[in-house]
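What follows is one structure encoded as structure tokens, with my remarks underneath.
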Amino acid sequence: MEKLLYRGFNYETVPENYVFPPEARQKKLESKTNIPVIDMVGDGFDRKEIAKQIFEAGKEFGVFQIVNHGVPLELMKEMMSVTREFFELPAEERAAYYSDDLYKPVRVFTSTGVHDIVRFWRDCLRMAVHPVEDFKQYWPHKPTNLKSAVERYAVEMKGLIVRVLELIAEGLGLEVGYFHGDLSGEPLVSHVNFYPPCPDPSLTLGLAKHCDPGLITILLQGEVSGLQILHNDEWLAVDPIPNAIVVNYGHQMEIITNGLLKGVDHRAITNNQQPRLSIASFVQPSKESLIAPAPALINEKNPAIYKSYIFRDYFANYVTNLGDKEKSAKPFLL
Ligand code: OGA
Ligand code: NI
């Protein structure tokens, strides 16, 4: 239980092992650039136009927010509140799920879950959520309505992911189903990130700069700010918009599009006002799938910059390199 950050009370000072050296800490944001917001229904649902907006956003920022996405708002609220209740359970009850075993379908961990020199200001409930029937037995029994919410959420997420992947493929001029099958075939895993209020946010980070490894990540972030992306060497806030869902590209999207779309580096900062909860769902290729730049996106003028490889090999290297894009891609560059 000492392993968990949040033990039911707010800290008055930052424990020493959470204090980052000055160069790694958050700095004041200068830029006010807004991240694109895409209306998924749009003007009479002009698919081409929506696909184009998604393409432009992905090229420039590697992240966008979607509204009118079709996921019921009550379900989003219920997921946020039921998982929040999970983090309000007594620390011993949450600690019963604690594990460092990366292969457990459901586990609680803190910081990054590996032995960090300086810890990050977050606890995480990690759950494999889809296919539902494979994993529902492992989901926490408490709060009592958690299982039913996660089940409905997982099904909605899967539907949304299919729609978004199709629009991305269309925007790239690829066949609509390009990302279906193996390329998005790993079971869907969600991280419920809980960032307790932090007495001195200037010293800490909720999550370090990283790029998600897979194709896309779908993020609910409630109403509390904290997500930032790195854009042209500047940190930009992705502030919450009511009922919107954040979509960001992972590193495989950058590799499959031969660098056309950007896997975005991002991080989470802390605040001293209120807890922040976010739910990230990671769309990843199945471990045995073959990854390579899409043939339709390479030509003489734009030759492939990556070799083809098995996703399992990339992933092992990603874990070793703690989510650093350059280091993770190095062995796979041509
Ligand atoms: C993640 C992540 C951001 C957030 O879980 O990979 O980047 O806002 N989360 O919590
Ligand atoms: Ni991330």
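Within each chain, counting starts at residue 1; across the structure tokens, chains are named A, B, ... in the order shown, with ligands numbered 1 upward in that order.
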
Quick one: contact table of chain A to ligand 2, 12 Å max, nearest atom pair and distance in Å to one decimal per residue, counting only C-alpha atoms and all ligand atoms, chain and number order, as a Markdown table?
| residue | atom | partner | partner_atom_place_in_ligand_line | distance |
| --- | --- | --- | --- | --- |
| A:Val63 | CA | ligand 2 | 1 (Ni) | 11.2 |
| A:Thr112 | CA | ligand 2 | 1 (Ni) | 11.2 |
| A:Ser190 | CA | ligand 2 | 1 (Ni) | 11.0 |
| A:His191 | CA | ligand 2 | 1 (Ni) | 9.5 |
| A:Val192 | CA | ligand 2 | 1 (Ni) | 11.5 |
| A:Asn193 | CA | ligand 2 | 1 (Ni) | 10.4 |
| A:Gly206 | CA | ligand 2 | 1 (Ni) | 11.0 |
| A:Leu207 | CA | ligand 2 | 1 (Ni) | 8.1 |
| A:Ala208 | CA | ligand 2 | 1 (Ni) | 9.1 |
| A:Lys209 | CA | ligand 2 | 1 (Ni) | 8.4 |
| A:His210 | CA | ligand 2 | 1 (Ni) | 6.3 |
| A:Cys211 | CA | ligand 2 | 1 (Ni) | 6.0 |
| A:Asp212 | CA | ligand 2 | 1 (Ni) | 4.9 |
| A:Pro213 | CA | ligand 2 | 1 (Ni) | 8.5 |
| A:Gly214 | CA | ligand 2 | 1 (Ni) | 10.0 |
| A:Leu215 | CA | ligand 2 | 1 (Ni) | 11.6 |
| A:Ile216 | CA | ligand 2 | 1 (Ni) | 9.8 |
| A:Thr217 | CA | ligand 2 | 1 (Ni) | 7.4 |
| A:Ile218 | CA | ligand 2 | 1 (Ni) | 9.6 |
| A:Leu219 | CA | ligand 2 | 1 (Ni) | 8.9 |
| A:Leu220 | CA | ligand 2 | 1 (Ni) | 11.9 |
| A:Leu227 | CA | ligand 2 | 1 (Ni) | 9.2 |
| A:Gln228 | CA | ligand 2 | 1 (Ni) | 10.1 |
| A:Ile229 | CA | ligand 2 | 1 (Ni) | 9.8 |
| A:Val246 | CA | ligand 2 | 1 (Ni) | 11.2 |
| A:Val247 | CA | ligand 2 | 1 (Ni) | 10.5 |
| A:Asn248 | CA | ligand 2 | 1 (Ni) | 8.3 |
| A:Tyr249 | CA | ligand 2 | 1 (Ni) | 9.4 |
| A:Gly250 | CA | ligand 2 | 1 (Ni) | 8.3 |
| A:His251 | CA | ligand 2 | 1 (Ni) | 10.7 |
| A:Gly263 | CA | ligand 2 | 1 (Ni) | 10.3 |
| A:Val264 | CA | ligand 2 | 1 (Ni) | 8.8 |
| A:Asp265 | CA | ligand 2 | 1 (Ni) | 8.0 |
| A:His266 | CA | ligand 2 | 1 (Ni) | 6.4 |
| A:Arg267 | CA | ligand 2 | 1 (Ni) | 6.9 |
| A:Ala268 | CA | ligand 2 | 1 (Ni) | 8.5 |
| A:Ser278 | CA | ligand 2 | 1 (Ni) | 10.6 |
| A:Ile279 | CA | ligand 2 | 1 (Ni) | 10.3 |
| A:Ala280 | CA | ligand 2 | 1 (Ni) | 7.5 |
| A:Ser281 | CA | ligand 2 | 1 (Ni) | 9.4 |
| A:Phe282 | CA | ligand 2 | 1 (Ni) | 8.7 |
| A:Val283 | CA | ligand 2 | 1 (Ni) | 11.5 |
| A:Leu322 | CA | ligand 2 | 1 (Ni) | 11.5 |
| A:Gly323 | CA | ligand 2 | 1 (Ni) | 9.0 |
| A:Asp324 | CA | ligand 2 | 1 (Ni) | 11.5 |

Surrounding residues of Phe311 (chain A) excluding itself and chain neighbours under 2 positions, 7 Å, only C-alpha atoms, as a count of residues only: 10

Option closest in space to ligand 1, from A:Ile161, A:Ala149, A:Ile269, A:Leu297 [counting only C-alpha atoms and all ligand atoms]: A:Ile269

Residues near Ala57 (chain A), cut-off 10 Å, only C-alpha atoms, skip fewer than 6 positions along chain, as a VMD selection string: chain A and resid 35 to 38 51 63 to 65 248 261 to 262

Option closest in space to ligand 1, from A:Pro242, A:Ala292, A:Ile305, A:Phe194 [counting only C-alpha atoms and all ligand atoms]: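 Using only C-alpha atoms and all ligand atoms, ligand 1 sits closest to A:Phe194.
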
DSSP strand (DSSP E) residues within region 78-286 of chain A, as a PyMOL selection string: chain A and resi 106-110+123-130+188-195+207-210+216-220+227-231+234-237+245-249+266-268+276-283

Val224 (chain A) surroundings by only C-alpha atoms, 12 Å radius, close-in-sequence under 4 positions cut, as number ranges by chain: A: 80, 194-197, 220, 237-242, 268-278
